[in-house]
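Next up, my_file_35.cif (mmCIF, C-alpha atoms):
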```cif
data_target
#
loop_
_atom_site.label_atom_id
_atom_site.label_comp_id
_atom_site.auth_asym_id
_atom_site.auth_seq_id
_atom_site.Cartn_x
_atom_site.Cartn_y
_atom_site.Cartn_z
CA MET J 715 -16.82 -6.50 10.91
CA PRO J 716 -17.89 -5.40 7.42
CA ILE J 717 -16.78 -7.42 4.41
CA VAL J 718 -14.99 -5.50 1.65
CA THR J 719 -14.69 -7.14 -1.79
CA GLY J 720 -12.74 -6.11 -4.85
CA ASN J 721 -10.38 -7.04 -7.63
CA VAL J 722 -6.76 -5.86 -7.71
CA PHE J 723 -6.91 -5.43 -11.47
CA ASP J 724 -9.55 -2.72 -11.02
CA LEU J 725 -7.19 -0.65 -8.87
CA ARG J 726 -4.86 2.06 -10.10
CA SER J 727 -1.32 0.73 -10.29
CA LEU J 728 1.43 0.11 -12.78
CA PRO J 729 0.70 -2.90 -15.00
CA MET J 730 2.79 -5.88 -13.97
CA PRO J 731 2.23 -8.72 -16.47
CA ASN J 732 1.80 -12.19 -14.98
CA ALA J 733 1.88 -10.87 -11.40
CA VAL J 734 -0.94 -10.71 -8.87
CA PRO J 735 -0.09 -8.42 -5.97
CA ASN J 736 -0.78 -8.93 -2.31
CA VAL J 737 -3.08 -6.31 -0.79
CA ILE J 738 -2.48 -4.84 2.66
CA PHE J 739 -5.05 -2.64 4.38
CA HIS J 740 -3.36 -0.32 6.91
CA LEU J 741 -5.62 1.26 9.53
CA GLU J 742 -4.63 4.92 9.95
CA PRO J 743 -3.85 6.70 12.13
CA VAL J 744 -2.50 3.79 14.16
CA THR J 745 -2.98 5.63 17.47
CA ASN J 746 -6.69 6.12 16.76
CA VAL J 747 -8.03 2.69 17.63
CA THR J 748 -10.59 3.25 20.39
CA ALA J 749 -14.11 2.50 19.20
CA ALA J 750 -16.78 5.07 20.06
CA GLY J 751 -19.33 3.95 22.64
CA SER J 752 -17.48 0.77 23.56
CA GLY J 753 -17.11 1.70 27.24
CA LYS J 754 -14.80 -0.52 29.29
CA GLY J 755 -14.29 -3.13 26.57
CA ASN J 756 -12.52 -0.85 24.07
CA VAL J 757 -11.82 -2.36 20.66
CA TYR J 758 -8.18 -2.45 19.53
CA PRO J 759 -8.06 -3.83 15.97
CA THR J 760 -4.84 -4.80 14.30
CA THR J 761 -3.33 -2.07 12.15
CA GLU J 762 -2.69 -4.28 9.10
CA TYR J 763 -5.03 -6.61 7.26
CA PRO J 764 -3.06 -8.57 4.61
CA VAL J 765 -4.98 -10.23 1.76
CA VAL J 766 -3.79 -12.72 -0.85
CA PRO J 767 -6.08 -12.39 -3.89
CA GLU J 768 -7.13 -15.29 -6.08
CA SER J 769 -5.34 -15.65 -9.43
CA SER J 770 -8.25 -13.74 -11.01
CA GLY J 771 -7.40 -10.80 -8.73
CA ALA J 772 -10.61 -11.14 -6.69
CA PHE J 773 -10.44 -10.80 -2.92
CA GLN J 774 -12.52 -10.17 0.16
CA VAL J 775 -11.49 -9.03 3.63
CA ASN J 776 -13.22 -8.32 6.94
CA LEU J 777 -12.28 -4.83 8.15
CA THR J 778 -13.20 -2.85 11.25
CA ALA J 779 -15.67 -0.10 10.33
CA THR J 780 -13.95 3.29 10.45
CA SER J 781 -17.27 4.97 11.23
CA GLY J 782 -17.07 3.67 14.81
CA PHE J 783 -13.93 5.51 15.90
CA HIS J 784 -13.76 8.66 18.02
CA PHE J 785 -11.65 10.51 15.44
CA ASP J 786 -11.30 10.44 11.66
CA SER J 787 -9.86 7.10 10.53
CA TRP J 788 -9.28 5.36 7.20
CA TYR J 789 -7.39 2.51 5.57
CA ASP J 790 -4.42 3.01 3.27
CA VAL J 791 -4.68 0.29 0.62
CA GLU J 792 -1.25 -0.99 -0.42
CA LEU J 793 -0.54 -3.23 -3.41
CA VAL J 794 2.72 -5.18 -3.17
CA TRP J 795 3.97 -6.51 -6.51
CA ASN J 796 6.90 -8.92 -6.15
CA THR J 797 8.79 -9.50 -9.40
CA PRO J 798 12.24 -10.87 -10.28
CA ALA J 799 13.34 -7.29 -11.08
CA GLY J 800 12.19 -5.82 -7.77
CA THR J 801 9.23 -5.03 -5.56
CA LEU J 802 6.75 -2.27 -6.22
CA ARG J 803 4.80 -0.92 -3.27
CA ASP J 804 1.84 1.17 -4.41
CA ARG J 805 0.05 2.84 -1.50
CA THR J 806 -2.05 5.41 -3.34
CA LEU J 807 -5.62 4.60 -2.30
CA ARG J 808 -7.47 5.41 0.90
CA ILE J 809 -10.86 4.10 1.92
CA LYS J 810 -13.34 4.63 4.74
CA VAL J 811 -15.42 1.62 5.73
CA PRO J 812 -18.99 2.10 7.00
CA SER J 813 -20.70 -0.50 9.13
CA GLY J 814 -22.92 -3.07 7.45
CA GLY J 815 -21.87 -4.47 4.14
CA PRO J 816 -20.70 -6.14 2.10
CA HIS J 817 -19.04 -3.19 0.36
CA ASN J 818 -17.17 -2.99 -2.95
CA LEU J 819 -13.72 -1.42 -2.62
CA GLY J 820 -14.33 0.95 -5.54
CA ASP J 821 -17.33 2.46 -3.75
CA LEU J 822 -15.28 3.17 -0.61
CA ILE J 823 -12.42 5.21 -2.08
CA ASP J 824 -12.14 8.46 -0.13
CA ARG J 825 -12.34 11.33 -2.62
CA THR J 826 -12.51 14.18 -0.09
CA SER J 827 -9.95 16.98 -0.17
CA GLY J 828 -7.98 17.95 2.92
CA GLY J 829 -8.21 16.29 6.30
CA GLY J 830 -6.90 12.91 7.35
CA GLY J 831 -8.55 10.87 4.63
CA SER J 832 -7.38 12.88 1.62
CA ALA J 833 -5.34 11.28 -1.16
CA ASN J 834 -1.62 10.86 -0.60
CA PRO J 835 -0.14 9.12 -3.64
CA MET J 836 3.16 7.44 -2.98
CA VAL J 837 4.55 4.66 -5.18
CA TRP J 838 7.82 2.94 -4.18
CA TRP J 839 10.03 0.60 -6.20
CA PHE J 840 12.57 -1.61 -4.38
CA GLY J 841 15.32 -3.11 -6.52
CA LEU J 842 18.60 -2.72 -8.39
CA ASP J 843 17.00 -1.95 -11.76
CA PRO J 844 15.09 1.29 -12.39
CA PRO J 845 11.31 1.26 -11.93
CA PRO J 846 9.04 0.92 -14.97
CA SER J 847 7.67 4.46 -14.45
CA GLY J 848 9.47 7.78 -13.95
CA ALA J 849 6.93 8.98 -11.40
CA THR J 850 8.04 6.36 -8.89
CA ILE J 851 10.25 6.67 -5.82
CA TRP J 852 13.14 4.22 -6.16
CA ASN J 853 14.75 2.57 -3.12
CA TYR J 854 18.00 1.31 -4.62
CA LEU J 855 18.70 -2.01 -2.93
CA ASP J 856 18.87 -5.71 -3.53
CA PRO J 857 15.76 -7.35 -2.04
CA ASP J 858 17.46 -10.77 -2.27
CA ASP J 859 20.65 -9.60 -0.48
CA PRO J 860 19.87 -6.80 2.01
CA ASP J 861 23.54 -6.67 3.14
CA ARG J 862 24.81 -5.97 -0.38
CA GLU J 863 27.00 -2.84 -0.45
CA THR J 864 27.41 -2.09 -4.16
CA GLY J 865 25.16 -2.29 -7.18
CA PRO J 866 25.30 -1.98 -10.97
CA HIS J 867 24.66 1.80 -11.06
CA PRO J 868 27.82 3.76 -10.08
CA ASN J 869 25.84 6.99 -9.53
CA PHE J 870 23.89 5.45 -6.64
CA ILE J 871 24.73 3.90 -3.28
CA ILE J 872 22.84 0.87 -2.00
CA GLY J 873 20.07 2.15 0.26
CA ASP J 874 19.62 5.44 -1.64
CA ILE J 875 16.07 6.71 -2.01
CA ILE J 876 15.98 8.25 -5.48
CA THR J 877 13.15 10.53 -6.57
CA ASP J 878 14.71 11.86 -9.78
CA TRP J 879 16.35 8.74 -11.23
CA TRP J 880 14.99 9.40 -14.72
CA GLU J 881 17.11 12.59 -14.81
CA ALA J 882 20.33 10.95 -13.51
#
```
If you took the structure in this file and wrote it as structure tokens, what would it be?
Amino acid sequence: MPIVTGNVFDLRSLPMPNAVPNVIFHLEPVTNVTAAGSGKGNVYPTTEYPVVPESSGAFQVNLTATSGFHFDSWYDVELVWNTPAGTLRDRTLRIKVPSGGPHNLGDLIDRTSGGGGSANPMVWWFGLDPPPSGATIWNYLDPDDPDRETGPHPNFIIGDIITDWWEA
């Protein structure tokens, strides 16, 4: 399995002072897991590869090469920032991993247009307070009390997914 290295502080995300995010590599599409040419012993990799970076932000992870699958495959790279105010889930990068390696994450970002590996920016904020950026989808809930029924904002109901909160 190829090694992929990188640093979370080199990735596009909202700045979160004093917080180092976890990184999760999601193999997509999840139904496309049969390796080409593997015959009877088909390879079925896990669909998530979680990574806990060092305090400097550096990390490395062994990933299954996407070049060995029958159909187009890629990894969605998700940064998960946990803060006292809420959790930001930034899943805006996609990579394709060739065999060999090691590879630097920045060199693997899929910049093609159209098709399965094209960009699909989606940034989610989970919490009771508004996200730090207006271009963020807000899931209005209390991460510390999932059963909570009311929150501090009377215009919203716990569990709402709010895409235009900066206009409310």
query = Quick one: residues within 10 Å of J:Asp861, only C-alpha atoms counted, chain neighbours fewer than 5 positions away excluded, as a ChimeraX atom specification?
reply = /J:855-856,872-873
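Minimum distance to J:Asn776 across J:Arg862, J:Val718, J:Asp821, J:Val737 (counting all atoms listed in the file) occurs at J:Val718.
Take the PyMOL selection byres ((chain J and resi 822) around 9) and apply it to this file: it picks Val718, Arg808, Ile809, Lys810, Val811, Pro812, His817, Asn818, Leu819, Gly820, Asp821, Ile823, Asp824 and Arg825 of chain J.
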query = atom CA of J:Thr761 to atom CA of J:Pro845: how many Å, to one decimal?
reply = 28.4 Å
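Nearest residue to J:Ser787 among J:Leu741, J:Leu802, J:Ile876, J:Ala772 is J:Leu741, counting all atoms listed in the file.
Among the candidate residues J:Gly720, J:Pro860, J:Pro798, J:Gly814, the one lying nearest to J:Phe773 is J:Gly720, with distances computed using all atoms listed in the file.
As for atom CA of J:Ser770 and atom CA of J:Leu807, they are spaced 20.5 Å apart.
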ask   = By how many Å are atom CA of J:Ala799 and atom CA of J:Gln774 apart?
value = 28.3 Å
message = Using all atoms listed in the file, can you tell me which of J:Gly800, J:Trp852, J:Pro716, J:Pro767 comes closest to J:Gly782?
response = J:Pro716
task = For each of J:Thr719, J:Val765, J:Thr778, J:Val791, take the minimum atom-to-atom distance to J:Phe739, counting only C-alpha atoms, then give the residue where this is smallest.
result = J:Val791
I'd like the residues picked by the PyMOL selection byres ((chain J and resi 867) around 12) written out as a short mmCIF file (atom, residue, chain, number, x, y, z; two decimals) with C-alpha atoms, keeping the file's coordinate frame, using the chain letters and numbers from the file.
```
data_model
loop_
_atom_site.label_atom_id
_atom_site.label_comp_id
_atom_site.auth_asym_id
_atom_site.auth_seq_id
_atom_site.Cartn_x
_atom_site.Cartn_y
_atom_site.Cartn_z
CA GLY J 841 15.32 -3.11 -6.52
CA LEU J 842 18.60 -2.72 -8.39
CA ASP J 843 17.00 -1.95 -11.76
CA PRO J 844 15.09 1.29 -12.39
CA TYR J 854 18.00 1.31 -4.62
CA LEU J 855 18.70 -2.01 -2.93
CA GLU J 863 27.00 -2.84 -0.45
CA THR J 864 27.41 -2.09 -4.16
CA GLY J 865 25.16 -2.29 -7.18
CA PRO J 866 25.30 -1.98 -10.97
CA PRO J 868 27.82 3.76 -10.08
CA ASN J 869 25.84 6.99 -9.53
CA PHE J 870 23.89 5.45 -6.64
CA ILE J 871 24.73 3.90 -3.28
CA ILE J 872 22.84 0.87 -2.00
CA ASP J 874 19.62 5.44 -1.64
CA TRP J 879 16.35 8.74 -11.23
CA ALA J 882 20.33 10.95 -13.51
#
```
ask   = Which one of J:Met715, J:Leu725, J:Ile738, J:Phe840 sits closest to J:Thr797 if you count only C-alpha atoms?
value = J:Phe840
Assuming the input is short of atoms at stretch 763-785 of chain J, produce N, CA, C and O atoms for that part as a PDB file, in the frame of the given file.
```
ATOM      1  N   TYR J 763      -4.201  -5.496   7.694  1.00  0.00           N
ATOM      2  CA  TYR J 763      -5.030  -6.610   7.260  1.00  0.00           C
ATOM      3  C   TYR J 763      -4.493  -7.085   5.908  1.00  0.00           C
ATOM      4  O   TYR J 763      -4.868  -6.536   4.879  1.00  0.00           O
ATOM      5  N   PRO J 764      -3.589  -8.083   5.878  1.00  0.00           N
ATOM      6  CA  PRO J 764      -3.060  -8.570   4.610  1.00  0.00           C
ATOM      7  C   PRO J 764      -4.049  -9.495   3.903  1.00  0.00           C
ATOM      8  O   PRO J 764      -4.772 -10.254   4.550  1.00  0.00           O
ATOM      9  N   VAL J 765      -4.083  -9.420   2.570  1.00  0.00           N
ATOM     10  CA  VAL J 765      -4.980 -10.230   1.760  1.00  0.00           C
ATOM     11  C   VAL J 765      -4.190 -10.811   0.592  1.00  0.00           C
ATOM     12  O   VAL J 765      -3.439 -10.087  -0.065  1.00  0.00           O
ATOM     13  N   VAL J 766      -4.371 -12.091   0.328  1.00  0.00           N
ATOM     14  CA  VAL J 766      -3.790 -12.720  -0.850  1.00  0.00           C
ATOM     15  C   VAL J 766      -4.921 -12.978  -1.835  1.00  0.00           C
ATOM     16  O   VAL J 766      -5.776 -13.837  -1.589  1.00  0.00           O
ATOM     17  N   PRO J 767      -4.985 -12.208  -2.927  1.00  0.00           N
ATOM     18  CA  PRO J 767      -6.080 -12.390  -3.890  1.00  0.00           C
ATOM     19  C   PRO J 767      -5.989 -13.719  -4.636  1.00  0.00           C
ATOM     20  O   PRO J 767      -4.930 -14.335  -4.710  1.00  0.00           O
ATOM     21  N   GLU J 768      -7.120 -14.129  -5.188  1.00  0.00           N
ATOM     22  CA  GLU J 768      -7.130 -15.290  -6.080  1.00  0.00           C
ATOM     23  C   GLU J 768      -6.372 -14.937  -7.349  1.00  0.00           C
ATOM     24  O   GLU J 768      -6.092 -13.766  -7.613  1.00  0.00           O
ATOM     25  N   SER J 769      -6.071 -15.916  -8.185  1.00  0.00           N
ATOM     26  CA  SER J 769      -5.340 -15.650  -9.430  1.00  0.00           C
ATOM     27  C   SER J 769      -6.106 -14.712 -10.358  1.00  0.00           C
ATOM     28  O   SER J 769      -5.521 -14.017 -11.179  1.00  0.00           O
ATOM     29  N   SER J 770      -7.429 -14.660 -10.208  1.00  0.00           N
ATOM     30  CA  SER J 770      -8.250 -13.740 -11.010  1.00  0.00           C
ATOM     31  C   SER J 770      -8.135 -12.306 -10.511  1.00  0.00           C
ATOM     32  O   SER J 770      -8.611 -11.380 -11.159  1.00  0.00           O
ATOM     33  N   GLY J 771      -7.521 -12.120  -9.332  1.00  0.00           N
ATOM     34  CA  GLY J 771      -7.400 -10.800  -8.730  1.00  0.00           C
ATOM     35  C   GLY J 771      -8.475 -10.516  -7.702  1.00  0.00           C
ATOM     36  O   GLY J 771      -8.397  -9.542  -6.959  1.00  0.00           O
ATOM     37  N   ALA J 772      -9.506 -11.369  -7.621  1.00  0.00           N
ATOM     38  CA  ALA J 772     -10.610 -11.140  -6.690  1.00  0.00           C
ATOM     39  C   ALA J 772     -10.171 -11.398  -5.246  1.00  0.00           C
ATOM     40  O   ALA J 772      -9.342 -12.269  -4.978  1.00  0.00           O
ATOM     41  N   PHE J 773     -10.732 -10.615  -4.332  1.00  0.00           N
ATOM     42  CA  PHE J 773     -10.440 -10.800  -2.920  1.00  0.00           C
ATOM     43  C   PHE J 773     -11.623 -10.321  -2.084  1.00  0.00           C
ATOM     44  O   PHE J 773     -12.501  -9.606  -2.560  1.00  0.00           O
ATOM     45  N   GLN J 774     -11.602 -10.723  -0.821  1.00  0.00           N
ATOM     46  CA  GLN J 774     -12.520 -10.170   0.160  1.00  0.00           C
ATOM     47  C   GLN J 774     -11.800 -10.162   1.498  1.00  0.00           C
ATOM     48  O   GLN J 774     -10.939 -11.007   1.765  1.00  0.00           O
ATOM     49  N   VAL J 775     -12.141  -9.177   2.331  1.00  0.00           N
ATOM     50  CA  VAL J 775     -11.490  -9.030   3.630  1.00  0.00           C
ATOM     51  C   VAL J 775     -12.496  -8.451   4.618  1.00  0.00           C
ATOM     52  O   VAL J 775     -13.345  -7.658   4.246  1.00  0.00           O
ATOM     53  N   ASN J 776     -12.414  -8.894   5.866  1.00  0.00           N
ATOM     54  CA  ASN J 776     -13.220  -8.320   6.940  1.00  0.00           C
ATOM     55  C   ASN J 776     -12.410  -7.192   7.571  1.00  0.00           C
ATOM     56  O   ASN J 776     -11.294  -7.427   8.041  1.00  0.00           O
ATOM     57  N   LEU J 777     -12.961  -5.986   7.585  1.00  0.00           N
ATOM     58  CA  LEU J 777     -12.280  -4.830   8.150  1.00  0.00           C
ATOM     59  C   LEU J 777     -13.131  -4.217   9.257  1.00  0.00           C
ATOM     60  O   LEU J 777     -14.361  -4.291   9.220  1.00  0.00           O
ATOM     61  N   THR J 778     -12.491  -3.589  10.204  1.00  0.00           N
ATOM     62  CA  THR J 778     -13.200  -2.850  11.250  1.00  0.00           C
ATOM     63  C   THR J 778     -13.780  -1.589  10.615  1.00  0.00           C
ATOM     64  O   THR J 778     -13.082  -0.883   9.882  1.00  0.00           O
ATOM     65  N   ALA J 779     -15.030  -1.303  10.889  1.00  0.00           N
ATOM     66  CA  ALA J 779     -15.670  -0.100  10.330  1.00  0.00           C
ATOM     67  C   ALA J 779     -14.983   1.147  10.889  1.00  0.00           C
ATOM     68  O   ALA J 779     -14.805   1.271  12.097  1.00  0.00           O
ATOM     69  N   THR J 780     -14.597   2.048  10.004  1.00  0.00           N
ATOM     70  CA  THR J 780     -13.950   3.290  10.450  1.00  0.00           C
ATOM     71  C   THR J 780     -14.958   4.278  10.997  1.00  0.00           C
ATOM     72  O   THR J 780     -14.584   5.232  11.678  1.00  0.00           O
ATOM     73  N   SER J 781     -16.231   4.059  10.739  1.00  0.00           N
ATOM     74  CA  SER J 781     -17.270   4.970  11.230  1.00  0.00           C
ATOM     75  C   SER J 781     -17.449   4.876  12.736  1.00  0.00           C
ATOM     76  O   SER J 781     -18.076   5.743  13.337  1.00  0.00           O
ATOM     77  N   GLY J 782     -16.890   3.851  13.389  1.00  0.00           N
ATOM     78  CA  GLY J 782     -17.070   3.670  14.810  1.00  0.00           C
ATOM     79  C   GLY J 782     -15.973   4.244  15.682  1.00  0.00           C
ATOM     80  O   GLY J 782     -15.984   4.030  16.890  1.00  0.00           O
ATOM     81  N   PHE J 783     -15.024   4.972  15.108  1.00  0.00           N
ATOM     82  CA  PHE J 783     -13.930   5.510  15.900  1.00  0.00           C
ATOM     83  C   PHE J 783     -14.223   6.925  16.374  1.00  0.00           C
ATOM     84  O   PHE J 783     -15.000   7.656  15.753  1.00  0.00           O
ATOM     85  N   HIS J 784     -13.573   7.311  17.470  1.00  0.00           N
ATOM     86  CA  HIS J 784     -13.760   8.660  18.020  1.00  0.00           C
ATOM     87  C   HIS J 784     -13.318   9.742  17.060  1.00  0.00           C
ATOM     88  O   HIS J 784     -13.924  10.795  16.962  1.00  0.00           O
ATOM     89  N   PHE J 785     -12.224   9.519  16.339  1.00  0.00           N
ATOM     90  CA  PHE J 785     -11.650  10.510  15.440  1.00  0.00           C
ATOM     91  C   PHE J 785     -11.617   9.967  14.024  1.00  0.00           C
ATOM     92  O   PHE J 785     -11.804   8.781  13.790  1.00  0.00           O
TER      93      PHE J 785
END
```
